[in-house]
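Engineer: The following block contains the structure, expressed as C-alpha cells.
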Amino acid sequence: MAGKHGKYAYVERRDGWYVKVRVFKNRDEKSPDRYLVVGPKRRDAPPTFPVLKEEDLPEEVRPRLYEV
C-alpha cells in the first residue's frame, strides 16, 4: 500500500517512533477531527508517505499518538 493520494500520513513522535494517521481533507486544518490515529507505531516511515511533525497537529490529537 502506498500513500500516493494523501489519505494517510505518518506522524513523527518526540520519542522517534512514527504513527500512521488518516487525514480527512474536507475538514479544517486546526480541527482535531481531521486526524484519526489508525496504525501501529513504526521505527521508520515508508518513503511514499508524507511525514508530519507532532507539533503540527492540534493539542487534542497528540495524546492519542501515544496510546498506540
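The chains in the C-alpha cells are called A, B, ... from first to last as shown; in each chain the residues are counted from 1, and the ligands are counted from 1 in the order shown.
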Tell me, as a ChimeraX atom specification, which residues lie within 7 Å of stretch 18-35 of chain A, counting only C-alpha atoms; anything in the same chain fewer than 2 positions away does not count.
Structural biologist: /A:7-13,16,37-45,58,60-61,65
Engineer: Okay, now the selection with C-alpha atoms, as a PDB file, in the first residue's frame?
Structural biologist:
```pdb
ATOM      1  CA  LYS A   7      -5.306   9.831   2.699  1.00  0.00           C
ATOM      2  CA  TYR A   8      -2.725   8.557   5.144  1.00  0.00           C
ATOM      3  CA  ALA A   9       0.379  10.111   6.631  1.00  0.00           C
ATOM      4  CA  TYR A  10       2.886   9.252   9.307  1.00  0.00           C
ATOM      5  CA  VAL A  11       3.455  11.468  12.321  1.00  0.00           C
ATOM      6  CA  GLU A  12       6.900  11.613  13.889  1.00  0.00           C
ATOM      7  CA  ARG A  13       6.607  11.475  17.672  1.00  0.00           C
ATOM      8  CA  GLY A  16      11.490   8.841  17.416  1.00  0.00           C
ATOM      9  CA  VAL A  37      -4.827   7.503  14.511  1.00  0.00           C
ATOM     10  CA  VAL A  38      -5.114   4.131  12.761  1.00  0.00           C
ATOM     11  CA  GLY A  39      -1.825   2.337  12.667  1.00  0.00           C
ATOM     12  CA  PRO A  40       0.790   0.758  14.842  1.00  0.00           C
ATOM     13  CA  LYS A  41       3.966   2.592  15.670  1.00  0.00           C
ATOM     14  CA  ARG A  42       6.997   2.014  13.463  1.00  0.00           C
ATOM     15  CA  ARG A  43      10.666   2.824  13.747  1.00  0.00           C
ATOM     16  CA  ASP A  44      10.774   4.340  10.234  1.00  0.00           C
ATOM     17  CA  ALA A  45       8.186   5.772   7.868  1.00  0.00           C
ATOM     18  CA  PRO A  58      -3.764  20.056  17.239  1.00  0.00           C
ATOM     19  CA  GLU A  60      -6.241  17.209  21.286  1.00  0.00           C
ATOM     20  CA  VAL A  61      -4.675  14.714  18.860  1.00  0.00           C
ATOM     21  CA  LEU A  65      -0.394   9.219  19.281  1.00  0.00           C
TER      22      LEU A  65
END
```
Engineer: Going by DSSP on the backbone, which residues of chain A come out as strand (DSSP E or B)? List them as a short mmCIF file (atom, residue, chain, number, x, y, z; two decimals) with C-alpha atoms, in the first residue's frame.
Structural biologist:
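Output below, filename result_3.cif:
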```cif
data_model
loop_
_atom_site.label_atom_id
_atom_site.label_comp_id
_atom_site.auth_asym_id
_atom_site.auth_seq_id
_atom_site.Cartn_x
_atom_site.Cartn_y
_atom_site.Cartn_z
CA TYR A 8 -2.73 8.56 5.14
CA ALA A 9 0.38 10.11 6.63
CA TYR A 10 2.89 9.25 9.31
CA VAL A 11 3.45 11.47 12.32
CA GLU A 12 6.90 11.61 13.89
CA TYR A 18 6.22 7.04 13.64
CA VAL A 19 2.46 6.52 13.86
CA LYS A 20 0.10 6.18 10.89
CA VAL A 21 -2.85 8.60 10.81
CA ARG A 22 -5.78 9.05 8.45
CA VAL A 23 -6.06 12.62 7.17
CA TYR A 35 -6.70 13.28 12.08
CA LEU A 36 -7.57 9.71 13.07
CA VAL A 37 -4.83 7.50 14.51
CA VAL A 38 -5.11 4.13 12.76
CA GLY A 39 -1.83 2.34 12.67
CA PRO A 40 0.79 0.76 14.84
CA LYS A 41 3.97 2.59 15.67
CA ARG A 42 7.00 2.01 13.46
CA VAL A 51 5.61 12.73 7.24
CA LEU A 52 4.15 15.25 9.68
CA LYS A 53 5.67 16.56 12.89
#
```
Engineer: What does the distance between atom CA of A:Pro50 and atom CA of A:Pro63 come to in Å, to one decimal place?
Structural biologist: 20.5 Å
Engineer: Could you pull out the residues in chain A that DSSP calls alpha helix (DSSP H) from the backbone, as a list in words?
Structural biologist: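 The residues of chain A classed as alpha helix (DSSP H) are Arg62, Pro63, Arg64 and Leu65 of chain A.
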Engineer: Would you export the selected residues with all heavy atoms as a PDB file, in the first residue's frame, please?
Structural biologist:
```pdb
ATOM      1  N   ARG A  62      -2.517  14.928  19.951  1.00  0.00           N
ATOM      2  CA  ARG A  62      -1.187  14.483  20.398  1.00  0.00           C
ATOM      3  C   ARG A  62      -1.207  13.365  21.445  1.00  0.00           C
ATOM      4  O   ARG A  62      -0.436  12.415  21.318  1.00  0.00           O
ATOM      5  CB  ARG A  62      -0.395  15.674  20.926  1.00  0.00           C
ATOM      6  CG  ARG A  62      -0.076  16.664  19.851  1.00  0.00           C
ATOM      7  CD  ARG A  62       0.683  17.835  20.375  1.00  0.00           C
ATOM      8  NE  ARG A  62       0.715  18.905  19.388  1.00  0.00           N
ATOM      9  CZ  ARG A  62       1.224  20.087  19.597  1.00  0.00           C
ATOM     10  NH1 ARG A  62       1.750  20.374  20.771  1.00  0.00           N
ATOM     11  NH2 ARG A  62       1.210  20.985  18.642  1.00  0.00           N
ATOM     12  N   PRO A  63      -2.096  13.386  22.444  1.00  0.00           N
ATOM     13  CA  PRO A  63      -2.106  12.242  23.388  1.00  0.00           C
ATOM     14  C   PRO A  63      -2.509  10.920  22.742  1.00  0.00           C
ATOM     15  O   PRO A  63      -2.063   9.861  23.159  1.00  0.00           O
ATOM     16  CB  PRO A  63      -3.127  12.658  24.448  1.00  0.00           C
ATOM     17  CG  PRO A  63      -3.255  14.121  24.336  1.00  0.00           C
ATOM     18  CD  PRO A  63      -2.951  14.470  22.917  1.00  0.00           C
ATOM     19  N   ARG A  64      -3.314  10.975  21.693  1.00  0.00           N
ATOM     20  CA  ARG A  64      -3.746   9.746  21.014  1.00  0.00           C
ATOM     21  C   ARG A  64      -2.594   9.066  20.284  1.00  0.00           C
ATOM     22  O   ARG A  64      -2.651   7.864  20.040  1.00  0.00           O
ATOM     23  CB  ARG A  64      -4.863  10.053  20.027  1.00  0.00           C
ATOM     24  CG  ARG A  64      -6.173  10.359  20.716  1.00  0.00           C
ATOM     25  CD  ARG A  64      -7.288  10.459  19.712  1.00  0.00           C
ATOM     26  NE  ARG A  64      -7.750  11.838  19.698  1.00  0.00           N
ATOM     27  CZ  ARG A  64      -8.384  12.415  18.688  1.00  0.00           C
ATOM     28  NH1 ARG A  64      -8.640  11.744  17.616  1.00  0.00           N
ATOM     29  NH2 ARG A  64      -8.774  13.661  18.767  1.00  0.00           N
ATOM     30  N   LEU A  65      -1.551   9.817  19.947  1.00  0.00           N
ATOM     31  CA  LEU A  65      -0.394   9.219  19.281  1.00  0.00           C
ATOM     32  C   LEU A  65       0.339   8.238  20.201  1.00  0.00           C
ATOM     33  O   LEU A  65       0.973   7.302  19.728  1.00  0.00           O
ATOM     34  CB  LEU A  65       0.583  10.312  18.831  1.00  0.00           C
ATOM     35  CG  LEU A  65       0.096  11.283  17.773  1.00  0.00           C
ATOM     36  CD1 LEU A  65       1.125  12.378  17.573  1.00  0.00           C
ATOM     37  CD2 LEU A  65      -0.195  10.573  16.475  1.00  0.00           C
TER      38      LEU A  65
END
```
